[in-house]
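File shown: final.cif (mmCIF, C-alpha atoms).
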data_target
loop_
_atom_site.label_atom_id
_atom_site.label_comp_id
_atom_site.auth_asym_id
_atom_site.auth_seq_id
_atom_site.Cartn_x
_atom_site.Cartn_y
_atom_site.Cartn_z
CA MET A 4 158.75 7.16 96.68
CA LYS A 5 155.77 4.78 96.54
CA TYR A 6 154.49 6.18 99.85
CA ALA A 7 154.97 9.74 98.63
CA ILE A 8 152.85 9.00 95.55
CA ALA A 9 150.19 7.33 97.69
CA LEU A 10 150.19 10.31 100.06
CA VAL A 11 149.84 12.74 97.16
CA ALA A 12 147.00 10.62 95.74
CA VAL A 13 145.14 10.63 99.07
CA ILE A 14 145.59 14.37 99.51
CA ALA A 15 144.48 14.97 95.93
CA ALA A 16 141.42 12.75 96.40
CA LEU A 17 140.44 14.64 99.53
CA SER A 18 141.19 18.05 98.07
CA PHE A 19 139.28 17.53 94.84
CA SER A 20 136.41 15.61 96.34
CA PRO A 21 133.27 17.02 94.68
CA SER A 22 131.41 17.36 97.94
CA GLN A 23 132.07 17.91 101.60
CA ALA A 24 130.18 14.74 102.49
CA VAL A 25 130.29 13.92 106.16
CA LEU A 26 132.24 10.86 107.20
CA ALA A 27 129.82 8.55 108.94
CA GLU A 28 130.47 5.33 110.80
CA GLU A 29 128.15 2.36 111.10
CA ALA A 30 127.07 1.92 114.72
CA LYS A 31 124.34 0.56 116.98
CA LEU A 32 123.06 2.96 119.59
CA THR A 33 120.74 2.18 122.48
CA GLY A 34 118.40 4.96 123.49
CA GLU A 35 114.97 6.54 123.36
CA PRO A 36 113.38 8.11 120.29
CA VAL A 37 111.84 11.45 121.28
CA ASP A 38 109.69 13.96 119.48
CA MET A 39 111.83 17.09 119.39
CA ASN A 40 108.99 19.52 120.06
CA CYS A 41 107.85 17.50 123.09
CA TYR A 42 111.40 16.97 124.34
CA LEU A 43 112.18 20.69 124.31
CA GLY A 44 109.10 21.11 126.48
CA GLY A 45 110.57 18.57 128.92
CA LYS A 46 108.28 15.72 127.89
CA SER A 47 109.58 12.22 127.12
CA GLY A 48 109.54 8.64 128.37
CA PRO A 49 106.83 5.94 128.39
CA GLY A 50 104.29 8.28 129.99
CA HIS A 51 104.48 10.59 126.99
CA ALA A 52 104.71 7.92 124.30
CA GLY A 53 101.18 8.44 122.94
CA CYS A 54 101.69 12.14 122.28
CA ALA A 55 105.22 11.62 120.96
CA THR A 56 103.97 8.96 118.52
CA ALA A 57 101.25 11.29 117.22
CA CYS A 58 103.74 14.17 116.88
CA ALA A 59 106.30 11.98 115.10
CA ASN A 60 103.63 10.75 112.67
CA LYS A 61 102.70 14.36 111.91
CA GLY A 62 106.27 14.79 110.65
CA ASN A 63 107.94 16.56 113.56
CA PRO A 64 111.70 16.00 113.75
CA ILE A 65 112.70 12.99 115.84
CA GLY A 66 115.64 12.90 118.23
CA PHE A 67 117.38 9.87 119.68
CA LEU A 68 118.45 10.24 123.27
CA VAL A 69 121.49 8.20 124.27
CA GLU A 70 122.96 8.12 127.76
CA LYS A 71 126.68 7.45 127.96
CA ASP A 72 128.71 7.60 131.17
CA GLY A 73 125.91 9.50 132.89
CA LYS A 74 125.77 12.12 130.15
CA LYS A 75 122.85 12.56 127.75
CA GLU A 76 123.58 12.96 124.06
CA LEU A 77 120.87 13.91 121.59
CA TYR A 78 121.08 12.71 117.98
CA LEU A 79 118.89 13.88 115.12
CA VAL A 80 117.24 10.91 113.41
CA VAL A 81 117.42 10.90 109.62
CA GLY A 82 115.65 8.17 107.69
CA GLY A 83 117.75 5.58 105.88
CA GLY A 84 117.17 2.54 103.67
CA GLY A 85 114.44 4.31 101.71
CA LYS A 86 112.31 4.98 104.77
CA ALA A 87 111.51 8.26 106.51
CA ALA A 88 112.61 8.72 110.12
CA LYS A 89 109.02 8.37 111.35
CA GLU A 90 108.62 5.02 109.59
CA HIS A 91 111.54 3.67 111.59
CA MET A 92 110.84 5.36 114.90
CA ALA A 93 107.19 6.35 115.41
CA ALA A 94 106.20 2.92 116.76
CA HIS A 95 108.96 3.08 119.37
CA MET A 96 108.60 6.58 120.83
CA GLY A 97 109.32 6.75 124.55
CA LYS A 98 110.85 3.26 124.70
CA GLN A 99 114.44 2.04 124.86
CA VAL A 100 115.43 0.56 121.50
CA ASN A 101 118.54 -0.30 119.52
CA ALA A 102 119.02 1.86 116.45
CA SER A 103 121.48 0.71 113.80
CA GLY A 104 122.79 3.16 111.26
CA LYS A 105 125.46 5.60 110.30
CA VAL A 106 126.41 8.18 112.88
CA ALA A 107 128.16 11.44 112.18
CA THR A 108 128.76 14.83 113.69
CA VAL A 109 128.18 17.69 111.29
CA ASP A 110 128.84 21.30 112.28
CA GLY A 111 128.30 20.38 115.93
CA MET A 112 125.14 18.32 115.45
CA LYS A 113 125.09 14.58 116.07
CA VAL A 114 123.06 12.68 113.48
CA ILE A 115 122.09 9.05 113.04
CA THR A 116 120.86 7.84 109.65
CA VAL A 117 118.84 4.89 110.81
CA SER A 118 118.63 1.70 108.78
CA LYS A 119 117.13 -0.64 111.38
CA VAL A 120 115.46 -0.48 114.79
CA ASP A 121 114.88 -3.32 117.21
CA ALA A 122 113.42 -3.33 120.68
CA GLY A 123 116.06 -3.15 123.40
CA MET B 592 128.68 43.70 112.80
CA LYS B 593 125.34 41.98 112.26
CA TYR B 594 126.96 38.63 113.01
CA VAL B 595 128.53 39.96 116.22
CA VAL B 596 125.15 41.26 117.44
CA ALA B 597 123.52 37.93 116.54
CA LEU B 598 126.30 36.00 118.32
CA VAL B 599 125.99 38.10 121.47
CA ALA B 600 122.21 37.65 121.43
CA VAL B 601 122.51 33.88 121.02
CA VAL B 602 125.18 33.54 123.73
CA ALA B 603 123.11 35.67 126.11
CA ALA B 604 119.95 33.72 125.33
CA LEU B 605 121.68 30.40 125.96
CA THR B 606 123.57 31.59 129.04
CA PHE B 607 120.55 32.87 130.88
CA ALA B 608 118.23 30.06 129.89
CA PRO B 609 117.77 27.25 132.39
CA MET B 610 119.40 23.99 131.23
CA GLY B 611 117.53 22.66 128.24
CA VAL B 612 114.75 25.20 128.43
CA MET B 613 114.03 27.47 125.55
CA ALA B 614 115.06 31.08 125.87
CA ASP B 615 112.23 33.56 126.27
CA GLU B 616 113.80 36.14 124.02
CA GLU B 617 113.57 35.78 120.30
CA VAL B 618 116.73 36.23 118.29
CA THR B 619 117.46 36.67 114.62
CA LEU B 620 119.91 34.27 113.01
CA THR B 621 121.17 34.73 109.48
CA GLY B 622 121.91 31.54 107.61
CA GLU B 623 120.88 28.93 105.09
CA PRO B 624 118.09 26.39 105.57
CA VAL B 625 119.30 22.95 104.44
CA ASP B 626 117.68 19.59 103.99
CA MET B 627 119.47 17.36 106.48
CA ASN B 628 119.63 14.31 104.21
CA CYS B 629 121.17 16.39 101.41
CA TYR B 630 123.50 18.25 103.76
CA LEU B 631 124.95 15.03 105.14
CA THR B 632 126.05 14.14 101.62
CA GLY B 633 127.66 17.53 101.13
CA LYS B 634 124.87 19.10 99.09
CA SER B 635 123.61 22.59 99.86
CA GLY B 636 123.56 26.11 98.46
CA GLU B 637 121.71 27.71 95.60
CA GLY B 638 122.71 25.01 93.13
CA HIS B 639 120.93 22.41 95.24
CA ALA B 640 117.92 24.51 96.22
CA ALA B 641 115.34 22.70 94.07
CA CYS B 642 116.20 19.27 95.47
CA ALA B 643 116.37 20.62 99.02
CA THR B 644 112.95 22.25 98.59
CA ALA B 645 111.45 18.98 97.37
CA CYS B 646 113.07 17.05 100.23
CA ALA B 647 111.94 19.58 102.84
CA GLY B 648 108.43 19.50 101.37
CA LYS B 649 108.39 15.72 101.83
CA GLY B 650 108.99 16.25 105.53
CA ASN B 651 112.72 15.58 105.92
CA PRO B 652 114.30 17.33 108.90
CA ILE B 653 115.52 20.85 108.14
CA GLY B 654 118.74 22.31 109.46
CA PHE B 655 119.83 25.94 109.58
CA VAL B 656 123.51 26.63 108.95
CA VAL B 657 124.84 29.76 110.60
CA GLU B 658 128.40 30.90 110.07
CA MET B 659 129.88 32.91 112.88
CA GLU B 660 133.49 33.99 113.01
CA GLY B 661 134.47 31.45 110.39
CA LYS B 662 132.82 28.52 112.15
CA LYS B 663 129.66 26.79 111.01
CA HIS B 664 126.90 26.02 113.52
CA LEU B 665 124.06 23.71 112.56
CA TYR B 666 120.67 24.26 114.21
CA LEU B 667 117.69 21.93 113.95
CA VAL B 668 114.64 23.87 112.75
CA LEU B 669 111.39 23.36 114.62
CA GLY B 670 108.17 24.97 113.52
CA GLY B 671 106.72 27.71 115.67
CA GLY B 672 103.60 29.87 115.65
CA GLY B 673 101.41 26.92 114.67
CA LYS B 674 103.38 26.20 111.50
CA ALA B 675 105.54 23.19 110.64
CA ALA B 676 109.23 23.76 109.89
CA LYS B 677 108.65 23.04 106.20
CA ASP B 678 105.87 25.62 106.00
CA LEU B 679 108.32 28.26 107.17
CA MET B 680 111.48 27.13 105.41
CA ALA B 681 110.80 25.02 102.30
CA GLU B 682 110.56 27.96 99.91
CA HIS B 683 113.86 29.41 101.16
CA MET B 684 116.07 26.33 100.91
CA GLY B 685 119.58 27.08 99.73
CA THR B 686 119.24 30.83 100.11
CA GLU B 687 120.45 33.18 102.83
CA VAL B 688 117.61 34.28 105.10
CA ASP B 689 116.96 35.75 108.53
CA ALA B 690 115.23 33.30 110.86
CA ILE B 691 113.50 34.84 113.84
CA GLY B 692 112.80 32.54 116.74
CA LYS B 693 113.79 31.11 120.08
CA VAL B 694 117.05 29.22 120.33
CA ALA B 695 117.99 26.53 122.79
CA GLU B 696 120.67 23.94 123.31
CA LYS B 697 119.50 20.57 124.57
CA ASP B 698 121.86 17.67 125.30
CA GLY B 699 124.36 18.94 122.75
CA MET B 700 121.90 19.85 120.00
CA LYS B 701 121.26 23.43 118.95
CA VAL B 702 117.63 24.12 118.06
CA ILE B 703 115.77 27.13 116.72
CA THR B 704 111.99 27.27 116.99
CA VAL B 705 111.24 29.59 114.12
CA SER B 706 108.33 32.00 114.21
CA GLU B 707 109.15 34.05 111.13
CA VAL B 708 111.53 34.07 108.19
CA SER B 709 112.54 37.10 106.20
CA VAL B 710 114.60 37.24 103.07
CA GLU B 711 117.65 39.44 103.10
CA GLU B 712 117.21 42.15 100.54
CA GLU B 713 120.18 42.88 98.37
CA TRP B 714 121.45 46.38 98.77
CA PHE B 715 121.80 48.46 95.70
CA PRO B 716 123.14 51.99 95.95
CA GLU B 717 120.54 54.51 94.97
CA GLU B 718 121.01 55.98 91.58
CA GLU B 719 122.54 59.34 91.82
CA VAL B 720 120.06 61.90 90.75
CA GLY B 721 121.37 65.07 89.26
CA SER B 722 120.73 68.07 91.38
CA ALA B 723 118.72 70.85 89.95
CA SER B 724 118.99 74.43 90.86
CA ILE B 725 116.53 77.14 90.30
CA LYS B 726 117.92 80.27 88.97
CA LYS B 727 115.95 83.32 89.69
CA VAL B 728 115.45 85.38 86.59
CA ASP B 729 114.81 88.96 87.13
#
Translate the structure described by the file into structure tokens.
Amino acid sequence: MKYAIALVAVIAALSFSPSQAVLAEEAKLTGEPVDMNCYLGGKSGPGHAGCATACANKGNPIGFLVEKDGKKELYLVVGGGGKAAKEHMAAHMGKQVNASGKVATVDGMKVITVSKVDAG
Amino acid sequence: MKYVVALVAVVAALTFAPMGVMADEEVTLTGEPVDMNCYLTGKSGEGHAACATACAGKGNPIGFVVEMEGKKHLYLVLGGGGKAAKDLMAEHMGTEVDAIGKVAEKDGMKVITVSEVSVEEEWFPEEEVGSASIKKVD
């Protein structure tokens, strides 16, 4: 009976939740911050860091490229901890870094809300 | 029907594009521009438009939510035609619009490089006007 009540409470909490907030998990990802406009044009890496930094500082969206088991996965970087994405990432464009934050997949898009970045 | 045409256009554009390269053909997607920070916390739609507009204006990343056959697809919006994403989208946050641009899928992320946005006009049936006839009087 106790479990049934708990189950009903959980279902009720989920059903009547005021928003469809995405469940995010805290994680540390290693990868390269890329300017999305440059990356779509095939440009990334240390050789393109100067341009990517300028583009990121202009406010272009920033991606975070992670390679896992030989497969590339691209995350959208969202700013966290009161800082914009560019404040976290612009200084590190084109380099391998560790990004700590909450990761989530929303409607097919991978997102990391970054709270901290340190050089890999 | 509009959604089916848009879906076919998107699938064709992605199928015939080289891996990770933007499609040459422009497509029209119908959907809602959302502020990504707001959207992650479950906030979108007309009731959240003012906040989303302010957030987009600040330079937060902008997403574009497209619903096709009951499934939501989230695109990242990139500015095209010399304009930033916020210049094209900020005034339309939370409302349904047509975004015209090139779509691509790169390492699992869907992207639309928007060149133009048009607002869907609501359709109102024309008022029926009474017909007049001319009667010839001899």
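In this model, the gap between CA of Ala676 (chain B) and CA of Cys642 (chain B) comes to 16.6 Å.
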>> Going by the chain IDs and residue numbers used in this file, which residues fall under the PyMOL selection byres ((chain B and resi 654) around 6)? Write them as a list of chain:residue names.
In response: B:Pro624, B:Val625, B:Met627, B:Ile653, B:Phe655, B:Tyr666, B:Leu667, B:Val668
Give me the result of the PyMOL selection byres ((chain A and resi 112) around 10) on this file, residue by residue, as a tab-separated table (two decimals) with C-alpha atoms, in the coordinates of the input.
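Below is the file out-v9.tsv, written as the result:
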chain	number	residue	atom	x	y	z
A	77	LEU	CA	120.87	13.91	121.59
A	78	TYR	CA	121.08	12.71	117.98
A	79	LEU	CA	118.89	13.88	115.12
A	107	ALA	CA	128.16	11.44	112.18
A	108	THR	CA	128.76	14.83	113.69
A	109	VAL	CA	128.18	17.69	111.29
A	110	ASP	CA	128.84	21.30	112.28
A	111	GLY	CA	128.30	20.38	115.93
A	113	LYS	CA	125.09	14.58	116.07
A	114	VAL	CA	123.06	12.68	113.48
B	654	GLY	CA	118.74	22.31	109.46
B	664	HIS	CA	126.90	26.02	113.52
B	665	LEU	CA	124.06	23.71	112.56
B	666	TYR	CA	120.67	24.26	114.21
B	667	LEU	CA	117.69	21.93	113.95
B	699	GLY	CA	124.36	18.94	122.75
B	700	MET	CA	121.90	19.85	120.00
B	701	LYS	CA	121.26	23.43	118.95
B	702	VAL	CA	117.63	24.12	118.06
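Residues lying within 9 Å of Val120 (chain A), counting all atoms listed in the file and ignoring same-chain neighbours fewer than 2 positions away, are His91, Met92, His95, Val100, Asn101, Ala102, Ser103, Gly104, Val117, Ser118 and Ala122 of chain A.
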> Do you have the CA of Val80 (chain A)-CA of Ala690 (chain B) distance handy?
Replying inline: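 Separating CA of Val80 (chain A) from CA of Ala690 (chain B) is a distance of 22.6 Å.
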Taking all atoms listed in the file into account, find every residue of chain A that has an atom no more than 10 Å from chain B, and write it out as a PDB file with C-alpha atoms, keeping the file's coordinate frame.
ATOM      1  CA  PRO A  21     133.270  17.020  94.680  1.00  0.00           C
ATOM      2  CA  SER A  22     131.410  17.360  97.940  1.00  0.00           C
ATOM      3  CA  GLN A  23     132.070  17.910 101.600  1.00  0.00           C
ATOM      4  CA  ALA A  24     130.180  14.740 102.490  1.00  0.00           C
ATOM      5  CA  VAL A  25     130.290  13.920 106.160  1.00  0.00           C
ATOM      6  CA  LEU A  26     132.240  10.860 107.200  1.00  0.00           C
ATOM      7  CA  ALA A  27     129.820   8.550 108.940  1.00  0.00           C
ATOM      8  CA  MET A  39     111.830  17.090 119.390  1.00  0.00           C
ATOM      9  CA  ASN A  40     108.990  19.520 120.060  1.00  0.00           C
ATOM     10  CA  TYR A  42     111.400  16.970 124.340  1.00  0.00           C
ATOM     11  CA  LEU A  43     112.180  20.690 124.310  1.00  0.00           C
ATOM     12  CA  GLY A  44     109.100  21.110 126.480  1.00  0.00           C
ATOM     13  CA  GLY A  45     110.570  18.570 128.920  1.00  0.00           C
ATOM     14  CA  LYS A  61     102.700  14.360 111.910  1.00  0.00           C
ATOM     15  CA  GLY A  62     106.270  14.790 110.650  1.00  0.00           C
ATOM     16  CA  ASN A  63     107.940  16.560 113.560  1.00  0.00           C
ATOM     17  CA  PRO A  64     111.700  16.000 113.750  1.00  0.00           C
ATOM     18  CA  ILE A  65     112.700  12.990 115.840  1.00  0.00           C
ATOM     19  CA  GLY A  66     115.640  12.900 118.230  1.00  0.00           C
ATOM     20  CA  LEU A  68     118.450  10.240 123.270  1.00  0.00           C
ATOM     21  CA  VAL A  69     121.490   8.200 124.270  1.00  0.00           C
ATOM     22  CA  GLU A  70     122.960   8.120 127.760  1.00  0.00           C
ATOM     23  CA  LYS A  74     125.770  12.120 130.150  1.00  0.00           C
ATOM     24  CA  LYS A  75     122.850  12.560 127.750  1.00  0.00           C
ATOM     25  CA  GLU A  76     123.580  12.960 124.060  1.00  0.00           C
ATOM     26  CA  LEU A  77     120.870  13.910 121.590  1.00  0.00           C
ATOM     27  CA  TYR A  78     121.080  12.710 117.980  1.00  0.00           C
ATOM     28  CA  LEU A  79     118.890  13.880 115.120  1.00  0.00           C
ATOM     29  CA  VAL A  80     117.240  10.910 113.410  1.00  0.00           C
ATOM     30  CA  VAL A  81     117.420  10.900 109.620  1.00  0.00           C
ATOM     31  CA  GLY A  82     115.650   8.170 107.690  1.00  0.00           C
ATOM     32  CA  GLY A  83     117.750   5.580 105.880  1.00  0.00           C
ATOM     33  CA  ALA A  87     111.510   8.260 106.510  1.00  0.00           C
ATOM     34  CA  ALA A  88     112.610   8.720 110.120  1.00  0.00           C
ATOM     35  CA  LYS A  89     109.020   8.370 111.350  1.00  0.00           C
ATOM     36  CA  ALA A 107     128.160  11.440 112.180  1.00  0.00           C
ATOM     37  CA  THR A 108     128.760  14.830 113.690  1.00  0.00           C
ATOM     38  CA  VAL A 109     128.180  17.690 111.290  1.00  0.00           C
ATOM     39  CA  ASP A 110     128.840  21.300 112.280  1.00  0.00           C
ATOM     40  CA  GLY A 111     128.300  20.380 115.930  1.00  0.00           C
ATOM     41  CA  MET A 112     125.140  18.320 115.450  1.00  0.00           C
ATOM     42  CA  LYS A 113     125.090  14.580 116.070  1.00  0.00           C
ATOM     43  CA  VAL A 114     123.060  12.680 113.480  1.00  0.00           C
ATOM     44  CA  THR A 116     120.860   7.840 109.650  1.00  0.00           C
TER      45      THR A 116
END
